[in-house]
file work.csv (CSV, C-alpha atoms and all ligand atoms)
chain,number,residue,atom,x,y,z
A,1168,MET,CA,-53.9,-186.5,-80.2
A,1169,GLU,CA,-57.3,-185.2,-79.0
A,1170,ASP,CA,-56.1,-185.5,-75.4
A,1171,LYS,CA,-53.0,-183.5,-76.2
A,1172,HIS,CA,-55.1,-180.8,-77.9
A,1173,GLN,CA,-57.5,-180.8,-75.0
A,1174,LYS,CA,-54.6,-180.4,-72.5
A,1175,TYR,CA,-53.2,-177.4,-74.4
A,1176,SER,CA,-56.5,-175.7,-74.7
A,1177,LEU,CA,-57.1,-176.2,-70.9
A,1178,ALA,CA,-53.7,-174.7,-70.2
A,1179,ALA,CA,-54.4,-171.8,-72.5
A,1180,LYS,CA,-57.7,-171.2,-70.8
A,1181,LYS,CA,-56.1,-171.3,-67.4
A,1182,ALA,CA,-53.3,-168.9,-68.5
A,1183,TRP,CA,-56.0,-166.5,-69.9
A,1184,GLU,CA,-58.0,-166.7,-66.6
A,1185,THR,CA,-54.8,-165.8,-64.6
A,1186,ILE,CA,-54.1,-162.8,-66.9
A,1187,ARG,CA,-57.7,-161.7,-66.7
A,1188,LYS,CA,-57.7,-161.9,-62.8
A,1189,LYS,CA,-54.5,-159.8,-62.7
A,1190,LYS,CA,-56.0,-157.2,-65.0
A,1191,ILE,CA,-59.2,-157.0,-62.9
A,1192,GLU,CA,-57.0,-156.6,-59.8
A,1193,GLN,CA,-55.0,-153.9,-61.4
A,1194,SER,CA,-58.2,-152.1,-62.5
A,1195,ARG,CA,-59.6,-152.5,-59.0
A,1196,LYS,CA,-56.6,-150.6,-57.6
A,1197,GLU,CA,-56.8,-147.9,-60.3
A,1198,ASN,CA,-60.4,-147.3,-59.8
A,1199,ALA,CA,-60.7,-147.7,-56.0
A,1200,ASP,CA,-61.2,-144.0,-55.6
A,1201,ILE,CA,-63.3,-143.6,-58.8
A,1202,LYS,CA,-66.1,-141.9,-56.9
A,1203,GLY,CA,-63.7,-139.3,-55.7
A,1204,PHE,CA,-62.1,-138.9,-59.1
A,1205,LEU,CA,-65.4,-138.4,-60.9
A,1206,ASN,CA,-66.2,-135.4,-58.6
A,1207,PHE,CA,-63.0,-133.7,-59.6
A,1208,ASN,CA,-62.9,-131.4,-62.5
A,1209,MET,CA,-61.0,-131.7,-65.8
A,1210,LYS,CA,-57.8,-130.2,-64.5
A,1211,TYR,CA,-57.0,-133.6,-63.1
A,1212,VAL,CA,-56.9,-135.1,-66.7
A,1213,VAL,CA,-53.4,-136.0,-67.8
A,1214,GLN,CA,-53.0,-134.5,-71.2
A,1215,LYS,CA,-50.1,-135.3,-73.5
A,1216,GLU,CA,-49.2,-135.3,-77.2
A,1217,TYR,CA,-48.5,-138.4,-79.2
A,1218,GLU,CA,-47.4,-139.3,-82.7
A,1219,ILE,CA,-50.2,-140.6,-84.9
A,1220,LYS,CA,-49.5,-143.0,-87.8
A,1221,SER,CA,-50.9,-142.6,-91.3
A,1222,PRO,CA,-53.0,-143.5,-93.1
A,1223,LEU,CA,-55.5,-142.4,-90.5
A,1224,ILE,CA,-58.1,-145.0,-91.6
A,1225,LYS,CA,-57.6,-148.5,-90.2
A,1226,LYS,CA,-59.5,-151.7,-90.4
A,1227,SER,CA,-62.4,-152.1,-87.9
A,1228,LYS,CA,-64.4,-155.1,-86.7
A,1229,LEU,CA,-67.4,-153.0,-85.9
A,1230,ALA,CA,-69.1,-153.8,-89.2
A,1231,SER,CA,-71.7,-156.3,-90.5
A,1232,LYS,CA,-70.6,-159.9,-90.9
A,1233,ASP,CA,-70.6,-159.6,-94.7
A,1234,LYS,CA,-68.0,-156.8,-94.4
A,1235,GLY,CA,-65.8,-159.0,-92.2
A,1236,GLY,CA,-67.0,-157.6,-88.9
A,1237,ILE,CA,-68.8,-158.9,-85.8
A,1238,GLY,CA,-72.3,-158.0,-86.9
A,1239,LYS,CA,-72.7,-154.3,-86.0
A,1240,ASP,CA,-73.8,-151.8,-88.7
A,1241,LEU,CA,-71.3,-149.1,-87.9
A,1242,SER,CA,-69.1,-148.9,-91.0
A,1243,GLU,CA,-68.0,-150.9,-93.9
A,1244,GLY,CA,-65.1,-152.4,-92.0
A,1245,TRP,CA,-63.1,-149.1,-91.4
A,1246,ALA,CA,-62.6,-146.7,-88.5
A,1247,ILE,CA,-60.7,-143.6,-87.8
A,1248,ASN,CA,-59.4,-142.9,-84.3
A,1249,PHE,CA,-57.2,-139.8,-83.5
A,1250,ALA,CA,-56.9,-139.8,-79.8
A,1251,VAL,CA,-55.8,-142.1,-77.0
A,1252,GLY,CA,-58.2,-142.1,-74.1
A,1253,CYS,CA,-61.6,-140.4,-73.8
A,1254,THR,CA,-62.4,-137.7,-71.2
A,1255,HIS,CA,-66.1,-138.6,-71.3
A,1256,ALA,CA,-65.2,-141.2,-68.7
A,1257,CYS,CA,-68.2,-143.5,-69.2
A,1258,ILE,CA,-68.0,-146.2,-66.5
A,1259,PHE,CA,-69.1,-149.0,-68.8
A,1260,CYS,CA,-66.6,-148.2,-71.5
A,1261,TYR,CA,-64.1,-150.9,-72.3
A,1262,ALA,CA,-61.6,-148.9,-74.4
A,1263,ASP,CA,-59.2,-148.4,-71.4
A,1264,SER,CA,-57.4,-151.7,-71.6
A,1265,LEU,CA,-57.2,-151.3,-75.4
A,1266,HIS,CA,-55.5,-147.9,-75.1
A,1267,LYS,CA,-53.2,-149.1,-72.3
A,1268,ARG,CA,-52.2,-152.2,-74.1
A,1269,VAL,CA,-50.9,-150.2,-77.1
A,1270,TYR,CA,-49.8,-146.9,-75.6
A,1271,GLY,CA,-49.6,-147.5,-71.8
A,1272,LYS,CA,-45.9,-148.2,-71.5
A,1273,LYS,CA,-44.6,-145.6,-73.9
A,1274,TYR,CA,-46.8,-142.8,-72.4
A,1275,ASN,CA,-46.8,-143.9,-68.8
A,1276,LEU,CA,-50.6,-144.4,-68.6
A,1277,SER,CA,-50.5,-147.3,-66.2
A,1278,GLY,CA,-52.3,-146.4,-62.9
A,1279,ILE,CA,-54.3,-143.6,-64.4
A,1280,PRO,CA,-58.1,-144.3,-64.2
A,1281,TRP,CA,-60.2,-144.3,-67.2
A,1282,GLY,CA,-61.3,-140.8,-68.3
A,1283,PHE,CA,-58.3,-139.2,-66.8
A,1284,TYR,CA,-55.8,-139.4,-69.6
A,1285,LEU,CA,-55.9,-138.1,-73.1
A,1286,LEU,CA,-53.2,-138.2,-75.8
A,1287,ILE,CA,-53.7,-135.7,-78.7
A,1288,PRO,CA,-51.9,-136.2,-82.0
A,1289,LYS,CA,-49.2,-133.5,-82.5
A,1290,ASN,CA,-48.7,-134.4,-86.2
A,1291,ILE,CA,-52.4,-134.5,-87.2
A,1292,ASP,CA,-52.1,-132.1,-90.1
A,1293,GLU,CA,-49.2,-134.1,-91.6
A,1294,ALA,CA,-51.2,-137.4,-91.1
A,1295,ILE,CA,-54.3,-135.9,-92.8
A,1296,GLU,CA,-52.1,-134.8,-95.7
A,1297,LYS,CA,-50.3,-138.2,-95.9
A,1298,THR,CA,-53.6,-140.2,-96.0
A,1299,ASN,CA,-54.7,-141.1,-99.5
A,1300,TRP,CA,-58.4,-140.5,-98.9
A,1301,SER,CA,-59.5,-141.4,-102.4
A,1302,LYS,CA,-58.5,-145.0,-101.6
A,1303,TRP,CA,-61.7,-145.2,-99.4
A,1304,LYS,CA,-64.0,-143.4,-101.9
A,1305,GLY,CA,-67.5,-144.7,-101.5
A,1306,LYS,CA,-66.6,-146.7,-98.3
A,1307,GLU,CA,-68.3,-145.9,-95.0
A,1308,VAL,CA,-65.8,-145.2,-92.2
A,1309,LEU,CA,-66.6,-145.1,-88.5
A,1310,MET,CA,-65.5,-141.9,-86.7
A,1311,SER,CA,-64.6,-143.1,-84.0
A,1312,SER,CA,-64.5,-146.5,-82.3
A,1313,THR,CA,-62.2,-145.9,-79.3
A,1314,HIS,CA,-63.0,-142.3,-78.3
A,1315,ASP,CA,-65.6,-139.7,-78.9
A,1316,PRO,CA,-64.4,-137.7,-81.9
A,1317,TYR,CA,-66.1,-134.5,-80.6
A,1318,LEU,CA,-64.4,-134.2,-77.3
A,1319,PRO,CA,-63.8,-130.5,-76.6
A,1320,GLN,CA,-60.0,-131.0,-76.3
A,1321,LEU,CA,-59.9,-132.5,-79.9
A,1322,TYR,CA,-61.8,-129.9,-81.8
A,1323,PRO,CA,-61.3,-128.9,-84.7
A,1324,ILE,CA,-59.5,-132.2,-85.6
A,1325,PRO,CA,-62.8,-133.9,-86.7
A,1326,ARG,CA,-63.7,-131.0,-88.9
A,1327,LYS,CA,-60.2,-131.0,-90.5
A,1328,ILE,CA,-60.5,-134.7,-91.3
A,1329,LEU,CA,-64.0,-134.3,-92.8
A,1330,GLU,CA,-62.9,-131.3,-94.9
A,1331,ALA,CA,-60.1,-133.4,-96.3
A,1332,ALA,CA,-61.9,-136.7,-96.8
A,1333,LEU,CA,-65.5,-135.7,-97.8
A,1334,PRO,CA,-64.5,-134.1,-101.1
A,1335,GLU,CA,-62.6,-137.3,-102.0
A,1336,GLY,CA,-65.8,-139.3,-101.7
A,1337,VAL,CA,-65.2,-141.0,-98.3
A,1338,ARG,CA,-68.5,-141.7,-96.4
A,1339,PHE,CA,-68.7,-141.4,-92.6
A,1340,CYS,CA,-70.7,-142.8,-89.7
A,1341,ILE,CA,-70.0,-140.2,-87.0
A,1342,GLN,CA,-70.6,-141.7,-83.6
A,1343,THR,CA,-70.7,-139.2,-80.8
A,1344,ARG,CA,-72.3,-138.2,-77.5
A,1345,SER,CA,-71.2,-134.6,-77.8
A,1346,PRO,CA,-73.4,-131.6,-78.9
A,1347,LEU,CA,-70.1,-130.1,-80.2
A,1348,VAL,CA,-70.9,-131.9,-83.5
A,1349,LEU,CA,-73.6,-129.3,-84.1
A,1350,LYS,CA,-70.8,-126.9,-84.9
A,1351,ASP,CA,-70.2,-128.8,-88.0
A,1352,LEU,CA,-73.8,-129.2,-89.2
A,1353,ASP,CA,-73.1,-126.9,-92.2
A,1354,LEU,CA,-70.4,-129.3,-93.4
A,1355,LEU,CA,-72.4,-132.4,-92.7
A,1356,GLU,CA,-75.4,-130.9,-94.6
A,1357,GLU,CA,-73.2,-130.0,-97.6
A,1358,TYR,CA,-72.1,-133.7,-97.8
A,1359,LYS,CA,-75.3,-135.3,-96.5
A,1360,ASP,CA,-75.2,-138.1,-99.0
A,1361,GLN,CA,-71.9,-139.2,-97.4
A,1362,ILE,CA,-72.9,-138.8,-93.8
A,1363,ARG,CA,-74.7,-140.8,-91.1
A,1364,LEU,CA,-74.7,-139.0,-87.7
A,1365,GLN,CA,-75.4,-141.2,-84.7
A,1366,VAL,CA,-75.6,-140.7,-81.0
A,1367,SER,CA,-75.7,-143.2,-78.1
A,1368,ILE,CA,-78.3,-143.0,-75.4
A,1369,SER,CA,-78.2,-145.4,-72.6
A,1370,THR,CA,-81.1,-144.1,-70.4
A,1371,TYR,CA,-83.8,-141.4,-70.5
A,1372,TYR,CA,-83.1,-140.4,-66.9
A,1373,PRO,CA,-80.5,-137.5,-66.5
A,1374,GLU,CA,-79.6,-138.6,-63.0
A,1375,PHE,CA,-78.7,-142.1,-64.0
A,1376,ALA,CA,-77.0,-140.8,-67.2
A,1377,HIS,CA,-74.8,-138.5,-65.0
A,1378,LEU,CA,-73.8,-141.4,-62.9
A,1379,ILE,CA,-72.7,-143.7,-65.7
A,1380,GLU,CA,-71.5,-141.0,-68.2
A,1381,PRO,CA,-70.3,-138.3,-65.8
A,1382,ARG,CA,-69.0,-135.9,-68.4
A,1383,VAL,CA,-71.4,-136.4,-71.2
A,1384,ALA,CA,-74.3,-134.0,-72.1
A,1385,PRO,CA,-77.6,-135.2,-70.7
A,1386,PRO,CA,-79.8,-137.5,-72.8
A,1387,LYS,CA,-82.1,-134.5,-73.8
A,1388,ALA,CA,-79.2,-132.7,-75.4
A,1389,ARG,CA,-78.4,-135.9,-77.4
A,1390,PHE,CA,-81.9,-136.3,-78.7
A,1391,GLU,CA,-81.6,-132.6,-79.7
A,1392,ILE,CA,-78.6,-133.4,-81.9
A,1393,ILE,CA,-80.5,-135.9,-83.8
A,1394,LYS,CA,-83.6,-133.7,-84.1
A,1395,ARG,CA,-81.5,-130.8,-85.6
A,1396,ALA,CA,-79.5,-133.0,-87.9
A,1397,LYS,CA,-82.8,-134.6,-89.2
A,1398,GLU,CA,-84.2,-131.2,-89.9
A,1399,ARG,CA,-81.2,-130.5,-92.1
A,1400,GLY,CA,-81.9,-133.8,-94.1
A,1401,ILE,CA,-78.9,-135.6,-92.6
A,1402,ASP,CA,-79.1,-139.4,-92.2
A,1403,THR,CA,-79.4,-140.0,-88.5
A,1404,GLY,CA,-79.2,-142.9,-86.0
A,1405,VAL,CA,-79.5,-143.6,-82.3
A,1406,ILE,CA,-77.8,-146.5,-80.5
A,1407,VAL,CA,-79.8,-147.3,-77.4
A,1408,ALA,CA,-76.9,-148.6,-75.4
A,1409,PRO,CA,-75.6,-149.8,-73.2
A,1410,ILE,CA,-79.0,-150.9,-71.7
A,1411,PHE,CA,-78.3,-151.6,-68.0
A,1412,PRO,CA,-79.9,-154.5,-66.2
A,1413,PRO,CA,-82.1,-153.4,-63.2
A,1414,ASN,CA,-79.8,-151.9,-60.5
A,1415,PRO,CA,-80.2,-149.7,-57.4
A,1416,ALA,CA,-79.8,-146.5,-59.4
A,1417,ARG,CA,-82.3,-147.3,-62.2
A,1418,LYS,CA,-84.6,-150.2,-61.4
A,1419,ASP,CA,-87.2,-150.3,-64.2
A,1420,ILE,CA,-85.7,-151.0,-67.7
A,1421,SER,CA,-89.2,-151.2,-69.2
A,1422,LYS,CA,-90.2,-147.7,-68.2
A,1423,ASP,CA,-86.8,-146.4,-69.3
A,1424,LEU,CA,-87.0,-147.9,-72.8
A,1425,ASP,CA,-90.6,-146.7,-73.1
A,1426,LEU,CA,-89.6,-143.1,-72.5
A,1427,ILE,CA,-86.7,-143.4,-74.9
A,1428,MET,CA,-88.8,-144.9,-77.7
A,1429,LYS,CA,-91.6,-142.4,-77.1
A,1430,THR,CA,-89.1,-139.6,-77.7
A,1431,LEU,CA,-87.6,-141.3,-80.8
A,1432,ALA,CA,-91.1,-141.8,-82.2
A,1433,LYS,CA,-91.3,-138.0,-82.4
A,1434,ILE,CA,-87.8,-137.5,-83.9
A,1435,LYS,CA,-87.9,-140.5,-86.2
A,1436,PRO,CA,-84.2,-141.2,-86.7
A,1437,ASP,CA,-83.3,-143.2,-89.8
A,1438,HIS,CA,-81.6,-146.0,-87.8
A,1439,ILE,CA,-82.2,-147.4,-84.3
A,1440,TYR,CA,-80.0,-150.0,-82.7
A,1441,GLY,CA,-80.0,-151.5,-79.3
A,1442,GLU,CA,-77.4,-153.3,-77.2
A,1443,MET,CA,-77.1,-154.3,-73.5
A,1444,LEU,CA,-74.3,-153.7,-71.1
A,1445,HIS,CA,-71.4,-156.0,-71.9
A,1446,ALA,CA,-68.7,-157.2,-69.6
A,1447,ARG,CA,-65.4,-156.5,-71.3
A,1448,GLY,CA,-61.9,-155.9,-70.0
A,1449,ALA,CA,-62.4,-154.7,-66.4
A,1450,ASN,CA,-65.4,-152.3,-66.9
A,1451,LEU,CA,-67.5,-154.3,-64.5
A,1452,VAL,CA,-65.2,-153.3,-61.7
A,1453,MET,CA,-65.9,-149.6,-62.2
A,1454,ILE,CA,-69.6,-150.2,-62.6
A,1455,GLU,CA,-69.8,-152.3,-59.4
A,1456,THR,CA,-67.8,-149.7,-57.5
A,1457,LEU,CA,-70.0,-146.9,-58.6
A,1458,LEU,CA,-73.4,-148.5,-58.5
A,1459,ASN,CA,-72.7,-150.5,-55.4
A,1460,THR,CA,-74.0,-153.7,-56.9
A,1461,ARG,CA,-72.8,-156.9,-58.5
A,1462,PHE,CA,-73.5,-158.1,-62.1
A,1463,LYS,CA,-72.3,-161.6,-62.9
A,1464,LYS,CA,-71.1,-162.1,-66.5
A,1465,GLU,CA,-73.4,-165.2,-66.9
A,1466,GLU,CA,-76.4,-163.3,-65.6
A,1467,LEU,CA,-75.7,-160.5,-68.1
A,1468,LEU,CA,-75.6,-163.0,-70.9
A,1469,GLU,CA,-78.9,-164.5,-69.8
A,1470,MET,CA,-80.5,-161.1,-69.6
A,1471,ASP,CA,-79.4,-160.2,-73.1
A,1472,GLY,CA,-82.3,-162.2,-74.6
A,1473,GLU,CA,-84.8,-160.6,-72.3
A,1474,ILE,CA,-83.6,-157.1,-73.1
A,1475,GLU,CA,-83.6,-157.9,-76.8
A,1476,TYR,CA,-87.3,-159.0,-76.5
A,1477,LEU,CA,-88.2,-155.8,-74.6
A,1478,PHE,CA,-86.3,-153.6,-77.1
A,1479,TYR,CA,-88.3,-155.0,-80.0
A,1480,GLU,CA,-91.6,-154.8,-78.0
A,1481,LYS,CA,-91.0,-151.1,-77.3
A,1482,LEU,CA,-90.0,-150.4,-81.0
A,1483,ALA,CA,-93.3,-152.0,-82.1
A,1484,LYS,CA,-95.3,-150.1,-79.5
A,1485,TYR,CA,-94.2,-146.8,-81.0
A,1486,GLY,CA,-94.3,-147.9,-84.7
A,1487,LEU,CA,-90.5,-147.8,-85.0
A,1488,SER,CA,-88.1,-150.3,-86.6
A,1489,GLY,CA,-84.5,-151.1,-85.7
A,1490,GLY,CA,-82.1,-153.8,-84.9
A,1491,TYR,CA,-80.7,-155.3,-81.7
A,1492,TRP,CA,-77.0,-156.4,-81.5
A,1493,PRO,CA,-77.1,-159.5,-79.3
A,1494,GLU,CA,-74.2,-160.5,-77.2
A,1495,HIS,CA,-75.5,-164.0,-77.3
A,1496,ARG,CA,-78.2,-165.3,-79.7
A,1497,TYR,CA,-81.0,-166.8,-77.7
A,1498,LEU,CA,-84.1,-168.8,-78.2
A,1499,LYS,CA,-86.9,-166.3,-77.9
A,1500,LYS,CA,-88.9,-166.7,-74.8
A,1501,SER,CA,-91.6,-164.6,-73.3
A,1502,ILE,CA,-90.8,-162.4,-70.3
A,1601,LIG,S1,-67.8,-141.6,-75.1
A,1601,LIG,FE1,-67.5,-143.7,-75.9
A,1601,LIG,S2,-65.3,-144.0,-75.9
A,1601,LIG,FE2,-65.7,-142.2,-74.6
A,1601,LIG,S3,-65.8,-143.0,-72.6
A,1601,LIG,FE3,-67.9,-143.0,-73.4
A,1601,LIG,S4,-68.2,-145.0,-74.3
A,1601,LIG,FE4,-66.0,-144.7,-74.0

call {"tool": "encode", "arguments": {"input": "work.csv", "output": "C-alpha cells", "more": "lines below"}}
Ligand code: SF4
result
Amino acid sequence: MEDKHQKYSLAAKKAWETIRKKKIEQSRKENADIKGFLNFNMKYVVQKEYEIKSPLIKKSKLASKDKGGIGKDLSEGWAINFAVGCTHACIFCYADSLHKRVYGKKYNLSGIPWGFYLLIPKNIDEAIEKTNWSKWKGKEVLMSSTHDPYLPQLYPIPRKILEAALPEGVRFCIQTRSPLVLKDLDLLEEYKDQIRLQVSISTYYPEFAHLIEPRVAPPKARFEIIKRAKERGIDTGVIVAPIFPPNPARKDISKDLDLIMKTLAKIKPDHIYGEMLHARGANLVMIETLLNTRFKKEELLEMDGEIEYLFYEKLAKYGLSGGYWPEHRYLKKSI
C-alpha cells in the first residue's frame, strides 16, 4: 500500500516538475526582452476592461495562522482585488502567473510580460453596490493582495470602495507603494480606527529600487507616506521586503537594512515586518535576466535564516520592534 502511495506521489512530483519547467520556459520567452521593455513608457501597457464579480471581498491566505492563513499579519483572512495585472512591474512579483491562470485565456494575456497588462473593472460601481459590506463589519480586509490598489490607472476606485465600506464598519489594511494614497488621507483620518496604512520598502538605495521596481516611487517617497499618515494619527506599517540576497547591483544587505531601520527609527511606524526574496512562479527568471546573476532556490531558503537574524539585529540596534515572516523556519545560528 505504502509503495503504491509512494509511486503516485513520485509521479505527481514529476508531473509538477514538468509543468514548472514549461512555465519557466514560457516566462523566459516572455521576458527575454524585459530590459528593453522596462525602458519603454506606459503607452506599451495593454489596457482592457473586464467584468468583476461581487461580492468584492474574497477569502485570503495572507493572514495569521489563527485566522486560517499562512502566518502573515495582513488581514483577518480577507482581501479585495479590483484589477488584473499591476503596472508597477516589480521584477520580483509573483502575481503574473496567478492573473494569467485565471484571466489569461479569456483576455488574451499570454505572451505579455509582467507589468504590461492591466484589466480595469467596467462594472465597479455595480459591484460596490452589490457587496453587502456590513457582512464584514469589524473584520480587517487587505487592499490589495495581487495588485497595487493605488495605481494611477485605477484611481478613484480605491476611494469609492472605502467610502462605501468604512461607514459599514469594515476595517482595512491598505498595502501600497504609491504616494497617490496621500490623496485620500482625509478619508483615512476620518476613519482612522478602521485603517492600517502600510507601504513596502525593499531597499534604501533609489538606484537599486529603480531596477527592481521600475515604475514605483523611490523609497524616500514611500517613507514620506508613512510619516505623513503617522502625523495624522493613522495606524501605519512598513514591510521591509523583499530583502534581496547580495547581488551585483546591491552587495551589502547589512548596510542597506541599517539605513532603512535608521530612517524608520525616526518615523516610528506602528508595525514593521520583514521578508526575504521568495522564488515563486517564474519570478526568478526576470530577476536573473535583469540583475545578470543566478539565485538558486535552495540557497535562498538557506539565506532566509541569516536575513531573519540580521533583520532582528538591526531592529534591536535602533530600538524598534517587528516581526519577520520566514519562508523556512530555521535553527538560529550566528552569522
Ligand atoms: S506593486 Fe505589488 S503587485 Fe504590483 S508589481 Fe509590485 S509587488 Fe507586484

call {"tool": "residues_around", "arguments": {"input": "work.csv", "residues": "Asn1299 (chain A)", "least_positions_apart": "2", "cutoff": "10 Å", "atoms": "all atoms listed in the file", "output": "CSV table (one decimal) with C-alpha atoms, in the frame of the given file"}}
result
chain,number,residue,atom,x,y,z
A,1221,SER,CA,-50.9,-142.6,-91.3
A,1222,PRO,CA,-53.0,-143.5,-93.1
A,1223,LEU,CA,-55.5,-142.4,-90.5
A,1224,ILE,CA,-58.1,-145.0,-91.6
A,1294,ALA,CA,-51.2,-137.4,-91.1
A,1295,ILE,CA,-54.3,-135.9,-92.8
A,1296,GLU,CA,-52.1,-134.8,-95.7
A,1297,LYS,CA,-50.3,-138.2,-95.9
A,1301,SER,CA,-59.5,-141.4,-102.4
A,1302,LYS,CA,-58.5,-145.0,-101.6
A,1303,TRP,CA,-61.7,-145.2,-99.4
A,1304,LYS,CA,-64.0,-143.4,-101.9
A,1331,ALA,CA,-60.1,-133.4,-96.3
A,1332,ALA,CA,-61.9,-136.7,-96.8
A,1335,GLU,CA,-62.6,-137.3,-102.0

call {"tool": "atom_distance", "arguments": {"input": "work.csv", "atom1": "CA of Asp1402 (chain A)", "atom2": "CA of Glu1307 (chain A)"}}
result
12.9 Å

call {"tool": "closest_residue", "arguments": {"input": "work.csv", "among": "A:Tyr1261, A:Phe1411, A:Tyr1358, A:Phe1339", "to": "Leu1309 (chain A)", "atoms": "all atoms listed in the file"}}
result
A:Phe1339

call {"tool": "residues_near_ligand", "arguments": {"input": "work.csv", "ligand": "ligand LIG 1601 (chain A)", "cutoff": "9 Å", "atoms": "all atoms listed in the file", "output": "ChimeraX atom specification"}}
result
/A:1252-1263,1281-1282,1311-1316,1318,1342-1345,1367,1380,1382-1383,1409

call {"tool": "residues_around", "arguments": {"input": "work.csv", "residues": "Leu1378 (chain A)", "least_positions_apart": "3", "cutoff": "12 Å", "atoms": "all atoms listed in the file", "output": "MDAnalysis selection string"}}
result
chainID A and resid 1201:1202 1205:1206 1255:1259 1369:1370 1372:1375 1381:1385 1415:1417 1453:1454 1456:1459

call {"tool": "atom_distance", "arguments": {"input": "work.csv", "atom1": "CA of Val1269 (chain A)", "atom2": "CA of Asp1292 (chain A)"}}
result
22.3 Å

call {"tool": "closest_residue", "arguments": {"input": "work.csv", "among": "A:Ile1474, A:Cys1340, A:Leu1482, A:Ile1434", "to": "Lys1387 (chain A)", "atoms": "only C-alpha atoms"}}
result
A:Ile1434

call {"tool": "atom_distance", "arguments": {"input": "work.csv", "atom1": "CA of Leu1229 (chain A)", "atom2": "CA of Glu1442 (chain A)"}}
result
13.3 Å

call {"tool": "closest_residue", "arguments": {"input": "work.csv", "among": "A:Pro1323, A:Lys1225, A:Lys1464, A:Asp1437", "to": "Asn1450 (chain A)", "atoms": "only C-alpha atoms"}}
result
A:Lys1464

call {"tool": "residues_around", "arguments": {"input": "work.csv", "residues": "Ala1432 (chain A)", "least_positions_apart": "3", "cutoff": "7 Å", "atoms": "only C-alpha atoms", "output": "count of residues only"}}
result
5

call {"tool": "residues_around", "arguments": {"input": "work.csv", "residues": "Ile1368 (chain A)", "least_positions_apart": "2", "cutoff": "9 Å", "atoms": "only C-alpha atoms", "output": "VMD selection string"}}
result
chain A and resid 1344 1366 1370 to 1371 1376 1386 1389 to 1390 1405 to 1410 1427

call {"tool": "write_last_selection", "arguments": {"input": "work.csv", "atoms": "C-alpha atoms", "output": "tab-separated table (two decimals), keeping the file's coordinate frame"}}
result
chain	number	residue	atom	x	y	z
A	1344	ARG	CA	-72.30	-138.20	-77.50
A	1366	VAL	CA	-75.60	-140.70	-81.00
A	1370	THR	CA	-81.10	-144.10	-70.40
A	1371	TYR	CA	-83.80	-141.40	-70.50
A	1376	ALA	CA	-77.00	-140.80	-67.20
A	1386	PRO	CA	-79.80	-137.50	-72.80
A	1389	ARG	CA	-78.40	-135.90	-77.40
A	1390	PHE	CA	-81.90	-136.30	-78.70
A	1405	VAL	CA	-79.50	-143.60	-82.30
A	1406	ILE	CA	-77.80	-146.50	-80.50
A	1407	VAL	CA	-79.80	-147.30	-77.40
A	1408	ALA	CA	-76.90	-148.60	-75.40
A	1409	PRO	CA	-75.60	-149.80	-73.20
A	1410	ILE	CA	-79.00	-150.90	-71.70
A	1427	ILE	CA	-86.70	-143.40	-74.90

call {"tool": "closest_residue", "arguments": {"input": "work.csv", "among": "A:Val1212, A:Leu1355, A:Leu1444, A:Ile1219", "to": "Pro1280 (chain A)", "atoms": "only C-alpha atoms"}}
result
A:Val1212

call {"tool": "residues_around", "arguments": {"input": "work.csv", "residues": "Lys1232 (chain A)", "least_positions_apart": "6", "cutoff": "10 Å", "atoms": "all atoms listed in the file", "output": "PyMOL selection string"}}
result
chain A and resi 1238-1240+1243-1244

call {"tool": "write_last_selection", "arguments": {"input": "work.csv", "atoms": "C-alpha atoms", "output": "mmCIF file, in the frame of the given file"}}
result
data_model
loop_
_atom_site.group_PDB
_atom_site.id
_atom_site.type_symbol
_atom_site.label_atom_id
_atom_site.label_comp_id
_atom_site.auth_asym_id
_atom_site.auth_seq_id
_atom_site.Cartn_x
_atom_site.Cartn_y
_atom_site.Cartn_z
ATOM 1 C CA GLY A 1238 -72.300 -158.000 -86.900
ATOM 2 C CA LYS A 1239 -72.700 -154.300 -86.000
ATOM 3 C CA ASP A 1240 -73.800 -151.800 -88.700
ATOM 4 C CA GLU A 1243 -68.000 -150.900 -93.900
ATOM 5 C CA GLY A 1244 -65.100 -152.400 -92.000
#

call {"tool": "closest_residue", "arguments": {"input": "work.csv", "among": "A:Lys1234, A:Arg1395, A:Arg1447, A:His1266", "to": "Leu1364 (chain A)", "atoms": "all atoms listed in the file"}}
result
A:Arg1395

call {"tool": "residues_near_point", "arguments": {"input": "work.csv", "point": "(-70.9, -139.5, -99.8)", "cutoff": "7 Å", "atoms": "all atoms listed in the file", "output": "list in words"}}
result
Gly1305, Leu1333, Gly1336, Val1337, Arg1338, Tyr1358, Lys1359, Asp1360, Gln1361 and Ile1362 of chain A

call {"tool": "closest_residue", "arguments": {"input": "work.csv", "among": "A:Pro1412, A:Leu1451, A:Gly1490, A:Ser1277", "to": "Glu1473 (chain A)", "atoms": "all atoms listed in the file"}}
result
A:Pro1412

call {"tool": "residues_near_point", "arguments": {"input": "work.csv", "point": "(-87.2, -153.9, -78.9)", "cutoff": "9 Å", "atoms": "all atoms listed in the file", "output": "ChimeraX atom specification"}}
result
/A:1424,1441,1474-1484,1488-1491
